[in-house]
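Next comes structure-v3.pdb, with PDB, C-alpha atoms.
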ATOM      1  CA  ARG N 217       2.830 -12.090  15.145  1.00  0.00           C
ATOM      2  CA  VAL N 218       1.366  -8.640  14.742  1.00  0.00           C
ATOM      3  CA  GLY N 219       3.034  -8.161  11.351  1.00  0.00           C
ATOM      4  CA  ARG N 220       1.615 -11.393   9.994  1.00  0.00           C
ATOM      5  CA  VAL N 221      -1.900 -10.579  11.259  1.00  0.00           C
ATOM      6  CA  LEU N 222      -1.691  -7.098   9.713  1.00  0.00           C
ATOM      7  CA  GLN N 223      -0.456  -8.552   6.444  1.00  0.00           C
ATOM      8  CA  LEU N 224      -3.210 -11.177   6.303  1.00  0.00           C
ATOM      9  CA  THR N 225      -5.857  -8.607   7.229  1.00  0.00           C
ATOM     10  CA  LEU N 226      -4.794  -6.148   4.536  1.00  0.00           C
ATOM     11  CA  GLU N 227      -4.419  -8.893   1.941  1.00  0.00           C
ATOM     12  CA  GLY N 228      -7.833 -10.286   2.920  1.00  0.00           C
ATOM     13  CA  VAL N 229      -9.577  -6.921   2.632  1.00  0.00           C
ATOM     14  CA  ALA N 230      -7.807  -6.186  -0.663  1.00  0.00           C
ATOM     15  CA  GLY N 231      -8.753  -9.643  -1.955  1.00  0.00           C
ATOM     16  CA  ALA N 232     -12.370  -9.142  -0.914  1.00  0.00           C
ATOM     17  CA  THR N 233     -12.367  -5.762  -2.661  1.00  0.00           C
ATOM     18  CA  LEU N 234     -10.989  -7.342  -5.831  1.00  0.00           C
ATOM     19  CA  PHE N 235     -13.596 -10.118  -5.613  1.00  0.00           C
ATOM     20  CA  GLY N 236     -16.312  -7.482  -5.151  1.00  0.00           C
ATOM     21  CA  MET N 237     -15.056  -5.638  -8.236  1.00  0.00           C
ATOM     22  CA  MET N 238     -15.188  -8.887 -10.192  1.00  0.00           C
ATOM     23  CA  LEU N 239     -18.743  -9.636  -9.065  1.00  0.00           C
ATOM     24  CA  LEU N 240     -19.892  -6.091  -9.764  1.00  0.00           C
ATOM     25  CA  THR N 241     -18.370  -6.076 -13.233  1.00  0.00           C
ATOM     26  CA  THR N 242     -19.807  -9.504 -14.047  1.00  0.00           C
ATOM     27  CA  ALA N 243     -23.280  -8.500 -12.880  1.00  0.00           C
ATOM     28  CA  ASP N 244     -23.059  -5.165 -14.704  1.00  0.00           C
ATOM     29  CA  VAL N 245     -21.961  -6.726 -18.003  1.00  0.00           C
ATOM     30  CA  THR N 246     -24.527  -9.530 -17.701  1.00  0.00           C
ATOM     31  CA  GLY N 247     -27.288  -7.047 -16.934  1.00  0.00           C
ATOM     32  CA  ARG N 248     -26.228  -4.724 -19.738  1.00  0.00           C
ATOM     33  CA  TYR N 249     -25.925  -7.283 -22.519  1.00  0.00           C
ATOM     34  CA  PHE N 250     -28.544  -9.886 -21.627  1.00  0.00           C
ATOM     35  CA  PHE N 251     -31.226  -7.863 -19.874  1.00  0.00           C
ATOM     36  CA  ASN N 252     -30.560  -4.356 -21.195  1.00  0.00           C
ATOM     37  CA  SER N 253     -30.330  -3.213 -17.566  1.00  0.00           C
ATOM     38  CA  PRO N 254     -26.846  -2.217 -16.338  1.00  0.00           C
ATOM     39  CA  ILE N 255     -26.122  -1.603 -12.666  1.00  0.00           C
ATOM     40  CA  LEU N 256     -26.480   2.098 -11.999  1.00  0.00           C
ATOM     41  CA  GLY N 257     -23.286   3.562 -10.562  1.00  0.00           C
ATOM     42  CA  ALA N 258     -21.144   0.517 -11.358  1.00  0.00           C
ATOM     43  CA  VAL N 259     -18.416   2.678 -12.898  1.00  0.00           C
ATOM     44  CA  GLU N 260     -18.220   4.878  -9.786  1.00  0.00           C
ATOM     45  CA  LEU N 261     -18.115   1.877  -7.471  1.00  0.00           C
ATOM     46  CA  THR N 262     -15.415   0.225  -9.586  1.00  0.00           C
ATOM     47  CA  GLN N 263     -13.312   3.393  -9.489  1.00  0.00           C
ATOM     48  CA  LEU N 264     -13.625   3.671  -5.715  1.00  0.00           C
ATOM     49  CA  MET N 265     -12.872  -0.006  -5.157  1.00  0.00           C
ATOM     50  CA  LEU N 266      -9.849   0.130  -7.467  1.00  0.00           C
ATOM     51  CA  ALA N 267      -8.383   3.058  -5.520  1.00  0.00           C
ATOM     52  CA  ALA N 268      -9.033   1.235  -2.242  1.00  0.00           C
ATOM     53  CA  LEU N 269      -7.445  -1.946  -3.627  1.00  0.00           C
ATOM     54  CA  VAL N 270      -4.244  -0.181  -4.637  1.00  0.00           C
ATOM     55  CA  PHE N 271      -3.771   1.556  -1.302  1.00  0.00           C
ATOM     56  CA  LEU N 272      -4.809  -1.420   0.817  1.00  0.00           C
ATOM     57  CA  SER N 273      -2.028  -3.349  -0.912  1.00  0.00           C
ATOM     58  CA  LEU N 274       0.615  -0.643  -0.449  1.00  0.00           C
ATOM     59  CA  PRO N 275       1.618  -1.414   3.173  1.00  0.00           C
ATOM     60  CA  VAL N 276       2.151  -5.103   2.351  1.00  0.00           C
ATOM     61  CA  VAL N 277       4.178  -4.192  -0.726  1.00  0.00           C
ATOM     62  CA  CYS N 278       6.324  -1.799   1.323  1.00  0.00           C
ATOM     63  CA  TRP N 279       6.901  -4.305   4.130  1.00  0.00           C
ATOM     64  CA  ARG N 280       7.800  -7.130   1.773  1.00  0.00           C
ATOM     65  CA  GLN N 281       9.756  -4.770  -0.504  1.00  0.00           C
ATOM     66  CA  GLU N 282       7.922  -6.026  -3.567  1.00  0.00           C
ATOM     67  CA  HIS N 283       7.691  -2.662  -5.255  1.00  0.00           C
ATOM     68  CA  ILE N 284       9.303  -1.997  -8.592  1.00  0.00           C
ATOM     69  CA  SER N 285      12.944  -1.115  -8.152  1.00  0.00           C
ATOM     70  CA  VAL N 286      15.877  -0.435 -10.409  1.00  0.00           C
ATOM     71  CA  ASP N 287      19.228  -1.668  -9.164  1.00  0.00           C
ATOM     72  CA  LEU N 288      21.281   1.315 -10.306  1.00  0.00           C
ATOM     73  CA  LEU N 289      23.166   1.482  -7.003  1.00  0.00           C
ATOM     74  CA  ASP N 290      24.217  -2.179  -6.859  1.00  0.00           C
ATOM     75  CA  ALA N 291      27.453  -1.458  -8.713  1.00  0.00           C
ATOM     76  CA  ILE N 292      28.331   1.461  -6.406  1.00  0.00           C
ATOM     77  CA  PHE N 293      27.889  -0.213  -3.033  1.00  0.00           C
ATOM     78  CA  PRO N 294      30.079  -3.151  -2.079  1.00  0.00           C
ATOM     79  CA  ALA N 295      28.178  -6.220  -0.840  1.00  0.00           C
ATOM     80  CA  ARG N 296      29.291  -5.662   2.751  1.00  0.00           C
ATOM     81  CA  LEU N 297      27.662  -2.194   2.710  1.00  0.00           C
ATOM     82  CA  VAL N 298      24.320  -3.171   1.189  1.00  0.00           C
ATOM     83  CA  TRP N 299      22.718  -2.530   4.551  1.00  0.00           C
ATOM     84  CA  VAL N 300      23.823   1.129   4.419  1.00  0.00           C
ATOM     85  CA  ARG N 301      22.172   1.572   1.037  1.00  0.00           C
ATOM     86  CA  GLU N 302      19.019  -0.157   2.240  1.00  0.00           C
ATOM     87  CA  VAL N 303      18.821   1.993   5.374  1.00  0.00           C
ATOM     88  CA  LEU N 304      19.187   5.167   3.301  1.00  0.00           C
ATOM     89  CA  VAL N 305      16.703   4.113   0.622  1.00  0.00           C
ATOM     90  CA  ASN N 306      14.132   3.000   3.191  1.00  0.00           C
ATOM     91  CA  LEU N 307      14.509   6.244   5.141  1.00  0.00           C
ATOM     92  CA  LEU N 308      14.042   8.249   1.935  1.00  0.00           C
ATOM     93  CA  VAL N 309      10.926   6.252   1.041  1.00  0.00           C
ATOM     94  CA  THR N 310       9.641   6.658   4.611  1.00  0.00           C
ATOM     95  CA  ALA N 311       9.987  10.439   4.376  1.00  0.00           C
ATOM     96  CA  ALA N 312       8.243  10.555   0.987  1.00  0.00           C
ATOM     97  CA  LEU N 313       5.370   8.361   2.185  1.00  0.00           C
ATOM     98  CA  TRP N 314       4.956  10.422   5.355  1.00  0.00           C
ATOM     99  CA  VAL N 315       4.819  13.703   3.405  1.00  0.00           C
ATOM    100  CA  MET N 316       2.215  12.186   1.069  1.00  0.00           C
ATOM    101  CA  ALA N 317       0.189  10.818   3.988  1.00  0.00           C
ATOM    102  CA  ARG N 318       0.015  14.224   5.669  1.00  0.00           C
ATOM    103  CA  ARG N 319      -0.960  15.964   2.439  1.00  0.00           C
ATOM    104  CA  VAL N 320      -3.597  13.373   1.565  1.00  0.00           C
ATOM    105  CA  TRP N 321      -5.022  13.557   5.110  1.00  0.00           C
ATOM    106  CA  ALA N 322      -5.448  17.320   4.595  1.00  0.00           C
ATOM    107  CA  LEU N 323      -7.292  16.543   1.356  1.00  0.00           C
ATOM    108  CA  ALA N 324      -9.574  14.112   3.218  1.00  0.00           C
ATOM    109  CA  GLU N 325     -10.409  16.769   5.782  1.00  0.00           C
ATOM    110  CA  ARG N 326     -11.132  19.244   3.005  1.00  0.00           C
ATOM    111  CA  ALA N 327     -13.353  16.715   1.206  1.00  0.00           C
ATOM    112  CA  PHE N 328     -15.401  16.270   4.392  1.00  0.00           C
ATOM    113  CA  ASP N 329     -15.550  20.028   5.028  1.00  0.00           C
ATOM    114  CA  TRP N 330     -16.708  20.757   1.480  1.00  0.00           C
ATOM    115  CA  GLY N 331     -19.053  17.772   1.344  1.00  0.00           C
ATOM    116  CA  ASP N 332     -17.385  16.276  -1.756  1.00  0.00           C
ATOM    117  CA  VAL N 333     -19.346  13.290  -3.040  1.00  0.00           C
ATOM    118  CA  THR N 334     -19.315  11.121  -6.145  1.00  0.00           C
ATOM    119  CA  GLU N 335     -21.372  12.459  -9.000  1.00  0.00           C
ATOM    120  CA  PHE N 336     -23.968   9.720  -9.408  1.00  0.00           C
ATOM    121  CA  LEU N 337     -24.222   7.737  -6.156  1.00  0.00           C
ATOM    122  CA  ARG N 338     -23.352  10.694  -3.880  1.00  0.00           C
ATOM    123  CA  ILE N 339     -20.799   8.649  -1.879  1.00  0.00           C
ATOM    124  CA  PRO N 340     -18.580  10.948   0.251  1.00  0.00           C
ATOM    125  CA  TYR N 341     -15.008  11.041  -1.077  1.00  0.00           C
ATOM    126  CA  GLY N 342     -13.577  11.813   2.351  1.00  0.00           C
ATOM    127  CA  TYR N 343     -13.737   8.204   3.526  1.00  0.00           C
ATOM    128  CA  LEU N 344     -11.728   6.911   0.564  1.00  0.00           C
ATOM    129  CA  ILE N 345      -9.226   9.742   0.790  1.00  0.00           C
ATOM    130  CA  GLY N 346      -8.872   9.125   4.540  1.00  0.00           C
ATOM    131  CA  LEU N 347      -8.258   5.419   3.870  1.00  0.00           C
ATOM    132  CA  ILE N 348      -5.565   6.362   1.373  1.00  0.00           C
ATOM    133  CA  ALA N 349      -3.907   8.669   3.925  1.00  0.00           C
ATOM    134  CA  ILE N 350      -3.994   5.981   6.620  1.00  0.00           C
ATOM    135  CA  MET N 351      -2.494   3.375   4.276  1.00  0.00           C
ATOM    136  CA  LEU N 352       0.244   5.824   3.257  1.00  0.00           C
ATOM    137  CA  ALA N 353       1.064   6.491   6.926  1.00  0.00           C
ATOM    138  CA  LEU N 354       1.066   2.765   7.703  1.00  0.00           C
ATOM    139  CA  SER N 355       3.339   2.173   4.713  1.00  0.00           C
ATOM    140  CA  ALA N 356       5.685   4.865   6.033  1.00  0.00           C
ATOM    141  CA  LEU N 357       5.822   3.193   9.447  1.00  0.00           C
ATOM    142  CA  LEU N 358       6.491  -0.222   7.937  1.00  0.00           C
ATOM    143  CA  THR N 359       9.215   1.169   5.693  1.00  0.00           C
ATOM    144  CA  LEU N 360      10.763   2.843   8.731  1.00  0.00           C
ATOM    145  CA  ALA N 361      10.680  -0.513  10.535  1.00  0.00           C
ATOM    146  CA  ARG N 362      12.464  -2.016   7.536  1.00  0.00           C
ATOM    147  CA  ALA N 363      15.158   0.651   7.775  1.00  0.00           C
ATOM    148  CA  VAL N 364      15.628  -0.096  11.493  1.00  0.00           C
ATOM    149  CA  LEU N 365      15.904  -3.832  10.786  1.00  0.00           C
ATOM    150  CA  TYR N 366      18.538  -3.205   8.112  1.00  0.00           C
ATOM    151  CA  LEU N 367      20.427  -0.957  10.512  1.00  0.00           C
ATOM    152  CA  LEU N 368      20.325  -3.483  13.352  1.00  0.00           C
ATOM    153  CA  GLU N 369      21.470  -6.301  11.120  1.00  0.00           C
ATOM    154  CA  GLY N 370      24.163  -4.154   9.510  1.00  0.00           C
ATOM    155  CA  LEU N 371      25.515  -3.210  12.923  1.00  0.00           C
ATOM    156  CA  LYS N 372      25.427  -6.884  13.949  1.00  0.00           C
ATOM    157  CA  VAL N 373      22.869  -6.269  16.701  1.00  0.00           C
ATOM    158  CA  VAL N 374      20.600  -8.789  14.990  1.00  0.00           C
ATOM    159  CA  LYS N 375      22.562 -11.749  13.668  1.00  0.00           C
ATOM    160  CA  GLN N 376      19.813 -13.734  11.959  1.00  0.00           C
ATOM    161  CA  GLY N 377      16.282 -13.117  10.852  1.00  0.00           C
ATOM    162  CA  GLY N 378      16.818  -9.577   9.625  1.00  0.00           C
ATOM    163  CA  PRO N 379      16.222  -8.478   6.044  1.00  0.00           C
ATOM    164  CA  LEU N 380      19.795  -9.295   4.974  1.00  0.00           C
ATOM    165  CA  SER N 381      19.797 -12.863   6.251  1.00  0.00           C
ATOM    166  CA  PRO N 382      19.092 -15.838   3.973  1.00  0.00           C
ATOM    167  CA  ALA N 383      15.634 -16.164   5.576  1.00  0.00           C
ATOM    168  CA  ALA N 384      14.779 -12.795   4.006  1.00  0.00           C
ATOM    169  CA  GLU N 385      14.799 -14.417   0.587  1.00  0.00           C
ATOM    170  CA  ARG N 386      11.811 -16.532   1.676  1.00  0.00           C
ATOM    171  CA  GLY N 387       9.836 -13.535   2.847  1.00  0.00           C
ATOM    172  CA  GLY N 388      11.817 -12.024   5.699  1.00  0.00           C
ATOM    173  CA  PRO N 389      11.390 -11.888   9.455  1.00  0.00           C
ATOM    174  CA  HIS N 390       7.659 -11.217   9.266  1.00  0.00           C
ATOM    175  CA  ASP N 391       6.808 -14.729   8.040  1.00  0.00           C
TER     176      ASP N 391
END
Starting from the file, give its structure as structure tokens.
Amino acid sequence: RVGRVLQLTLEGVAGATLFGMMLLTTADVTGRYFFNSPILGAVELTQLMLAALVFLSLPVVCWRQEHISVDLLDAIFPARLVWVREVLVNLLVTAALWVMARRVWALAERAFDWGDVTEFLRIPYGYLIGLIAIMLALSALLTLARAVLYLLEGLKVVKQGGPLSPAAERGGPHD
């Protein structure tokens, strides 16, 4: 499935980024303490890779609904109307992510126009900011898809395999 391939791709790239951060940090610390020769620009690279890691993981977190949540509304909504709450919450999150994606994309364009680069290695910021904007937009689309799935299942258009079904507890319809 497309969703599974997307999930594995994003998780793979995020995992490779994390592994790269680990290797860079290990080499930097080893060089600094044993050979008195740290890797120049390691701090900048670590900062860039950490930002990429967070936003590469965001679409998967949104799709799987693994973000931090507080169940303040559970007592208000009866169990048979959980789907209504989930549709509303997912639509609200979709709107917020979309607004952020558009704003961050504008920042990426500005970074390219102004030639913003990192201080030491002179790496253009625009690419990272553009990646962040794309991941925010993708997260918005996936959250919107979640809202549609909740709606379809709540209206009984989809009987099984939606986010409310018992299969959702094992990872949902995307597995």
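Those residues that approach Ser285 of chain N to within 12 Å, counting all atoms listed in the file, are Val277, Cys278, Val305 and Val309 of chain N; same-chain residues fewer than 6 positions away are not listed.
Evaluated against this file, the PyMOL selection byres ((chain N and resi 363) around 7) yields Glu302, Val303, Asn306, Leu307, Thr359, Leu360, Ala361, Arg362, Val364, Leu365, Tyr366 and Leu367 of chain N.
Atom to atom, atom CA of Ala267 of chain N and atom CA of Ile348 of chain N stand 8.1 Å apart.
Note that atom CA of Val259 of chain N and atom CA of Thr241 of chain N are 8.8 Å apart.
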Between atom CA of Val286 of chain N and atom CA of Ala317 of chain N, measure the distance and give it in Å to one decimal. 24.1 Å
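The residue that comes closest to Met237 of chain N, out of N:Gln281, N:Gln223, N:Ser253, N:Gln263 and on the basis of all atoms listed in the file, is N:Gln263.
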Take the PyMOL selection byres ((chain N and resi 370) around 9), apply it to the structure above, and return the hits as an MDAnalysis selection string. chainID N and resid 296:300 365:369 371:375 380
Determine the nearest neighbour of Tyr343 of chain N from the options N:Ala232, N:Ala268, N:Ile255, N:Ala311, counting all atoms listed in the file. N:Ala268
Who sits within 8 Å of Pro340 of chain N, only C-alpha atoms, same chain under 4 positions skipped, as a tab-separated table (two decimals) with C-alpha atoms, keeping the file's coordinate frame:
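What follows is the written file part02.tsv:
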chain	number	residue	atom	x	y	z
N	327	ALA	CA	-13.35	16.72	1.21
N	328	PHE	CA	-15.40	16.27	4.39
N	331	GLY	CA	-19.05	17.77	1.34
N	332	ASP	CA	-17.39	16.28	-1.76
N	333	VAL	CA	-19.35	13.29	-3.04
N	334	THR	CA	-19.32	11.12	-6.14
N	344	LEU	CA	-11.73	6.91	0.56
Long-range neighbours of Gly257 of chain N as a count of residues only, 12 Å cut-off, only C-alpha atoms, 2 positions minimum in chain: 17
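Nearest residue to Phe271 of chain N, choosing from N:Leu323, N:Thr233, N:Thr242, N:Arg220 and counting only C-alpha atoms: N:Thr233.
In this comparison, which uses only C-alpha atoms, the residue of N:Leu224, N:Ala349, N:Leu234, N:Val218 approaching Leu313 of chain N most closely is N:Ala349.
Of the listed residues N:Leu256, N:Arg280, N:Gly342, N:Ala295, the one whose atoms come nearest to Ala322 of chain N is N:Gly342, with distances taken using all atoms listed in the file.
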For a quick check of understanding, using only C-alpha atoms, which of N:Leu226, N:Tyr249, N:Asp329, N:Gly346 has the smallest distance to Leu274 of chain N? N:Leu226
Edge lengths and centre in Å to one decimal, as AutoDock Vina command-line options, of the axis-aligned box that encloses all listed atoms of segment 281-297 of chain N with 4 Å added on every side?
--center_x 18.9 --center_y -2.4 --center_z -3.8 --size_x 30.4 --size_y 15.7 --size_z 21.2
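The list of residues with at least one atom within 12 Å of Leu288 of chain N, based on all atoms listed in the file and without residues fewer than 4 positions apart in the same chain, reads N:Ile292, N:Phe293, N:Arg301.
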